[in-house]
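Taking it in order: structure first as structure tokens, then the write-up.
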Amino acid sequence: MDAAPEPSLYPLHRCKIVHLVRHAEGIHNIDGAQKDKRSPELFDACLSPLGWEQVENLREHVNACGLLKRIQLVIVSPLLRTMQTAAVAFGGDIQRNSISATPLMVENVKSEHAAVSSLNCPPFMAHELCRERLGINTADRRRRISEYKNLFPTIDFSLVESDDDIMWTPDVRESDEDLAARGMRFLKWLWTRKEEEIAIVTHSAFLFCTLRKFGHDCHASVKNEMCKFFENCELRSLVLVDKGLVGSDAATTNHLGKIPSGLGLARDLADEKQECDGQQQHGKTNLPSDLTDKKRESTN
């Protein structure tokens, strides 16, 4: 019988909290909708009526548990269903006509949903590395970024290099290995960000293939908890650890301790010196040789 894995410790500044979310149900997830994955009707699939209900429930959850107040950044795959999910779950309140702020999501984005305010919510950023598996399925082909900018005016699309979708191909489906490698590049990119608590709204295959790269040093039940398939609109919170010195942020909570006055030596060495000084006052001069050497070095 294998021994249970030992607990692990890592410096806090080499960890990020990531809240992984699979988008709510899209029209391509409805039973029977996947019979023709190349159907033009599934192009850049939007949320289904059930999907809108799911994301409203997620919004209630992230507010009730206080998560929304802690998230510093929302990263979203630039596809319609993920941006709809992210905007409602992590965005501001439903926007009324009297509010003049630019909305996070305009009203009636392939639905009858009201506009969502960009006030009192984290910043949003789109990133193509966390897209769904590429190729063949029309649901996973995106629109032009210029179209999305009109629908989601305050999402930052600056990291998307091309207006057109140059990643999706009609005849080749991305392999598990390539998708996992893309997921690892995305996680490595996360370490370029200063934010410590981030929500990521993405897709089932992306999450499944990427997370399978982890958990090999954990108990089987812990690995399953991390890596099992995501349901629609499921949120799972994990800690991302920088084991390879990818990040460069310095610790903000560590404290080196006070330097004792006088010698500038460690506290235990300073205490030893004080004890020896007391012995000298009583006629004893047997100062330890290692302390004498260190004292000599400190005065040079």
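Chain labels follow the order of the structure tokens: the first chain is A, the next B, and so on; residue numbering restarts at 1 in every chain, and ligands are counted from 1 in their shown order.
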
Exercise. If you run DSSP on the backbone, which residues of stretch 96-189 of chain A are strand (DSSP E), as an MDAnalysis selection string?
Worked result: chainID A and resid 103:105 116:117 124:126

Would you save the residues of that selection, restricted to N, CA and C atoms, as a tab-separated table (two decimals), in the first residue's frame?
chain	number	residue	atom	x	y	z
A	103	PRO	N	-21.86	50.25	-20.41
A	103	PRO	CA	-22.20	48.93	-19.87
A	103	PRO	C	-21.09	47.92	-20.12
A	104	LEU	N	-21.05	46.91	-19.25
A	104	LEU	CA	-20.17	45.78	-19.49
A	104	LEU	C	-20.72	44.91	-20.61
A	105	MET	N	-22.03	44.70	-20.59
A	105	MET	CA	-22.73	43.98	-21.65
A	105	MET	C	-23.99	44.75	-22.02
A	116	VAL	N	-25.83	44.90	-18.50
A	116	VAL	CA	-25.13	44.71	-17.24
A	116	VAL	C	-24.16	45.86	-17.04
A	117	SER	N	-24.17	46.46	-15.87
A	117	SER	CA	-23.33	47.62	-15.59
A	117	SER	C	-21.86	47.21	-15.43
A	124	PHE	N	-12.36	43.25	-16.73
A	124	PHE	CA	-12.52	42.05	-17.56
A	124	PHE	C	-11.51	42.10	-18.70
A	125	MET	N	-10.94	40.93	-19.01
A	125	MET	CA	-9.94	40.84	-20.07
A	125	MET	C	-10.17	39.56	-20.86
A	126	ALA	N	-10.12	39.65	-22.19
A	126	ALA	CA	-10.27	38.47	-23.05
A	126	ALA	C	-8.89	37.93	-23.42

Exercise. Any idea what's packed within 10 Å of A:Tyr10, counting only C-alpha atoms, ignoring anything in its chain fewer than 2 positions away? Could you give it as an MDAnalysis selection string?
Worked result: chainID A and resid 8 12:15 241:243

Per residue of stretch 173-276 of chain A within 9 Å of stretch 17-26 of chain A, record the nearest atom pair and its distance in Å to one decimal, counting only C-alpha atoms, with rows in chain order and ascending residue number, as a Markdown table.
| residue | atom | partner | partner_atom | distance |
| --- | --- | --- | --- | --- |
| A:Glu196 | CA | A:Ile17 | CA | 6.2 |
| A:Glu197 | CA | A:Ile17 | CA | 4.7 |
| A:Ile198 | CA | A:Val18 | CA | 5.0 |
| A:Ala199 | CA | A:His19 | CA | 4.5 |
| A:Ile200 | CA | A:Leu20 | CA | 5.1 |
| A:Val201 | CA | A:Val21 | CA | 4.7 |
| A:Thr202 | CA | A:Arg22 | CA | 5.2 |
| A:His203 | CA | A:Arg22 | CA | 5.0 |
| A:Ser204 | CA | A:Arg22 | CA | 6.0 |
| A:Leu207 | CA | A:Arg22 | CA | 7.9 |
| A:Phe230 | CA | A:Arg22 | CA | 6.5 |
| A:Glu231 | CA | A:Arg22 | CA | 7.0 |
| A:Asn232 | CA | A:Ala24 | CA | 4.7 |
| A:Cys233 | CA | A:Ala24 | CA | 4.2 |
| A:Glu234 | CA | A:Val21 | CA | 5.7 |
| A:Leu235 | CA | A:Val21 | CA | 4.5 |
| A:Arg236 | CA | A:Leu20 | CA | 5.2 |
| A:Ser237 | CA | A:His19 | CA | 4.3 |
| A:Leu238 | CA | A:Val18 | CA | 5.4 |
| A:Val239 | CA | A:Ile17 | CA | 4.6 |
| A:Leu240 | CA | A:Ile17 | CA | 6.1 |
| A:Val241 | CA | A:Ile17 | CA | 8.9 |

Exercise. Which neighbours of A:Ala181 fall inside 8 Å, counting only C-alpha atoms, when residues of the same chain fewer than 4 positions from it are skipped, and could you give them as a PyMOL selection string?
Worked result: chain A and resi 177+185+210

Just N, CA, C and O atoms for this one: save the residues we selected as an mmCIF file, in the first residue's frame.
data_model
loop_
_atom_site.group_PDB
_atom_site.id
_atom_site.type_symbol
_atom_site.label_atom_id
_atom_site.label_comp_id
_atom_site.auth_asym_id
_atom_site.auth_seq_id
_atom_site.Cartn_x
_atom_site.Cartn_y
_atom_site.Cartn_z
ATOM 1 N N GLU A 177 -3.355 16.739 -26.702
ATOM 2 C CA GLU A 177 -2.005 17.165 -26.351
ATOM 3 C C GLU A 177 -1.786 18.637 -26.663
ATOM 4 O O GLU A 177 -1.209 19.387 -25.852
ATOM 5 N N ARG A 185 0.478 27.030 -21.403
ATOM 6 C CA ARG A 185 0.989 28.364 -21.780
ATOM 7 C C ARG A 185 0.130 29.451 -21.156
ATOM 8 O O ARG A 185 0.638 30.491 -20.722
ATOM 9 N N THR A 210 -6.361 20.558 -19.611
ATOM 10 C CA THR A 210 -5.329 21.286 -18.868
ATOM 11 C C THR A 210 -5.160 20.739 -17.461
ATOM 12 O O THR A 210 -4.041 20.494 -17.002
#

For this session: Give me the residues within 10 Å of A:Gly135 as JSON, numbers by chain, counting only C-alpha atoms and dropping any in the same chain fewer than 2 places off.
Result: {"A": [38, 132, 133, 137, 138, 139, 140, 141, 167, 168, 169, 170, 171, 172, 173, 174, 175]}

Can I get the selection written as a compact mmCIF listing (two decimals), in the first residue's frame, with all heavy atoms?
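Ended up saving to out.txt:
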# COMPACT_ATOMS: atom_id res chain seq x y z
N ARG A 38 -21.14 20.89 -37.42
CA ARG A 38 -20.72 21.89 -38.41
C ARG A 38 -21.85 22.84 -38.80
O ARG A 38 -21.68 23.68 -39.68
CB ARG A 38 -20.18 21.20 -39.67
CG ARG A 38 -18.97 20.30 -39.43
CD ARG A 38 -18.61 19.56 -40.70
NE ARG A 38 -17.52 18.61 -40.50
CZ ARG A 38 -16.25 18.83 -40.83
NH1 ARG A 38 -15.93 19.98 -41.41
NH2 ARG A 38 -15.32 17.91 -40.64
N GLU A 132 -12.02 27.35 -26.27
CA GLU A 132 -12.36 25.94 -26.37
C GLU A 132 -11.51 25.26 -27.45
O GLU A 132 -10.82 25.93 -28.23
CB GLU A 132 -13.86 25.79 -26.69
CG GLU A 132 -14.38 24.38 -26.79
CD GLU A 132 -14.17 23.54 -25.53
OE1 GLU A 132 -12.99 23.33 -25.17
OE2 GLU A 132 -15.17 23.08 -24.94
N ARG A 133 -11.55 23.93 -27.47
CA ARG A 133 -10.82 23.16 -28.46
C ARG A 133 -11.12 23.70 -29.87
O ARG A 133 -12.28 23.92 -30.24
CB ARG A 133 -11.22 21.68 -28.39
CG ARG A 133 -10.36 20.77 -29.25
CD ARG A 133 -10.98 19.40 -29.36
NE ARG A 133 -11.20 18.76 -28.07
CZ ARG A 133 -10.31 17.99 -27.46
NH1 ARG A 133 -9.11 17.80 -28.01
NH2 ARG A 133 -10.61 17.42 -26.31
N ASN A 137 -15.93 22.24 -35.16
CA ASN A 137 -17.21 22.60 -34.54
C ASN A 137 -17.46 24.10 -34.70
O ASN A 137 -16.67 24.92 -34.20
CB ASN A 137 -17.22 22.24 -33.06
CG ASN A 137 -17.22 20.74 -32.83
OD1 ASN A 137 -17.13 19.95 -33.77
ND2 ASN A 137 -17.31 20.36 -31.57
N THR A 138 -18.56 24.44 -35.34
CA THR A 138 -18.85 25.86 -35.58
C THR A 138 -19.16 26.61 -34.28
O THR A 138 -18.98 27.84 -34.22
CB THR A 138 -20.04 26.01 -36.54
OG1 THR A 138 -21.16 25.26 -36.04
CG2 THR A 138 -19.68 25.48 -37.93
N ALA A 139 -19.59 25.89 -33.24
CA ALA A 139 -19.87 26.55 -31.96
C ALA A 139 -18.62 27.18 -31.38
O ALA A 139 -18.70 28.14 -30.59
CB ALA A 139 -20.46 25.55 -30.97
N ASP A 140 -17.45 26.66 -31.76
CA ASP A 140 -16.19 27.11 -31.19
C ASP A 140 -15.45 28.09 -32.08
O ASP A 140 -14.29 28.42 -31.82
CB ASP A 140 -15.30 25.88 -30.92
CG ASP A 140 -15.99 24.86 -30.03
OD1 ASP A 140 -16.76 25.29 -29.15
OD2 ASP A 140 -15.78 23.65 -30.23
N ARG A 141 -16.11 28.58 -33.10
CA ARG A 141 -15.55 29.62 -33.96
C ARG A 141 -16.07 30.97 -33.48
O ARG A 141 -17.27 31.14 -33.27
CB ARG A 141 -15.95 29.39 -35.42
CG ARG A 141 -15.34 30.38 -36.39
CD ARG A 141 -15.82 30.11 -37.80
NE ARG A 141 -15.18 31.02 -38.75
CZ ARG A 141 -15.46 31.07 -40.05
NH1 ARG A 141 -16.39 30.24 -40.56
NH2 ARG A 141 -14.83 31.91 -40.84
N MET A 167 -7.43 31.31 -35.62
CA MET A 167 -7.05 30.09 -34.89
C MET A 167 -7.92 28.90 -35.26
O MET A 167 -7.45 27.76 -35.25
CB MET A 167 -7.12 30.35 -33.37
CG MET A 167 -6.16 31.40 -32.87
SD MET A 167 -6.34 31.74 -31.08
CE MET A 167 -5.83 30.18 -30.36
N TRP A 168 -9.17 29.13 -35.60
CA TRP A 168 -10.12 28.06 -35.89
C TRP A 168 -9.98 27.61 -37.34
O TRP A 168 -9.83 28.44 -38.25
CB TRP A 168 -11.54 28.55 -35.63
CG TRP A 168 -12.62 27.52 -35.79
CD1 TRP A 168 -13.10 26.69 -34.83
CD2 TRP A 168 -13.36 27.24 -36.98
NE1 TRP A 168 -14.11 25.90 -35.34
CE2 TRP A 168 -14.28 26.22 -36.67
CE3 TRP A 168 -13.33 27.74 -38.28
CZ2 TRP A 168 -15.18 25.69 -37.61
CZ3 TRP A 168 -14.21 27.22 -39.22
CH2 TRP A 168 -15.12 26.21 -38.88
N THR A 169 -10.01 26.31 -37.56
CA THR A 169 -9.95 25.76 -38.93
C THR A 169 -11.14 24.84 -39.16
O THR A 169 -11.59 24.15 -38.23
CB THR A 169 -8.65 24.97 -39.15
OG1 THR A 169 -8.55 23.94 -38.17
CG2 THR A 169 -7.43 25.89 -39.06
N PRO A 170 -11.68 24.77 -40.38
CA PRO A 170 -12.90 24.01 -40.64
C PRO A 170 -12.69 22.50 -40.75
O PRO A 170 -13.67 21.75 -40.71
CB PRO A 170 -13.39 24.59 -41.96
CG PRO A 170 -12.16 25.05 -42.65
CD PRO A 170 -11.26 25.56 -41.55
N ASP A 171 -11.45 22.04 -40.88
CA ASP A 171 -11.23 20.62 -41.18
C ASP A 171 -10.28 19.90 -40.23
O ASP A 171 -10.06 18.69 -40.39
CB ASP A 171 -10.71 20.47 -42.63
CG ASP A 171 -9.52 21.36 -42.91
OD1 ASP A 171 -9.09 22.07 -42.00
OD2 ASP A 171 -9.03 21.34 -44.05
N VAL A 172 -9.68 20.58 -39.25
CA VAL A 172 -8.76 19.94 -38.32
C VAL A 172 -9.19 20.29 -36.89
O VAL A 172 -9.34 21.46 -36.55
CB VAL A 172 -7.30 20.39 -38.56
CG1 VAL A 172 -6.39 19.75 -37.51
CG2 VAL A 172 -6.85 20.03 -39.96
N ARG A 173 -9.36 19.24 -36.07
CA ARG A 173 -9.74 19.43 -34.68
C ARG A 173 -8.50 19.36 -33.80
O ARG A 173 -7.67 18.45 -33.95
CB ARG A 173 -10.74 18.35 -34.26
CG ARG A 173 -11.40 18.58 -32.89
CD ARG A 173 -12.41 19.68 -32.92
NE ARG A 173 -13.24 19.72 -31.71
CZ ARG A 173 -13.85 20.79 -31.27
NH1 ARG A 173 -13.73 21.93 -31.92
NH2 ARG A 173 -14.62 20.75 -30.21
N GLU A 174 -8.34 20.30 -32.90
CA GLU A 174 -7.18 20.35 -32.01
C GLU A 174 -7.10 19.09 -31.15
O GLU A 174 -8.09 18.65 -30.58
CB GLU A 174 -7.27 21.60 -31.12
CG GLU A 174 -6.05 21.93 -30.32
CD GLU A 174 -6.18 23.24 -29.57
OE1 GLU A 174 -7.33 23.67 -29.32
OE2 GLU A 174 -5.13 23.84 -29.23
N SER A 175 -5.89 18.52 -31.02
CA SER A 175 -5.71 17.30 -30.25
C SER A 175 -5.69 17.61 -28.75
O SER A 175 -5.49 18.75 -28.32
CB SER A 175 -4.40 16.62 -30.64
OG SER A 175 -3.29 17.42 -30.23

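Across the structure, atom CA of A:Pro122 and atom CA of A:Leu73 are spaced 5.4 Å apart.
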
Problem set entry | Distance criterion (only C-alpha atoms): nearest to A:Phe157 out of A:Glu128, A:Asp44, A:Asp249, A:Glu225 | A:Glu128

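Ranking A:Leu119, A:Ile71, A:Leu80, A:Ile27 by their shortest atom-to-atom distance to A:Ile145, with only C-alpha atoms included, puts A:Leu80 first.
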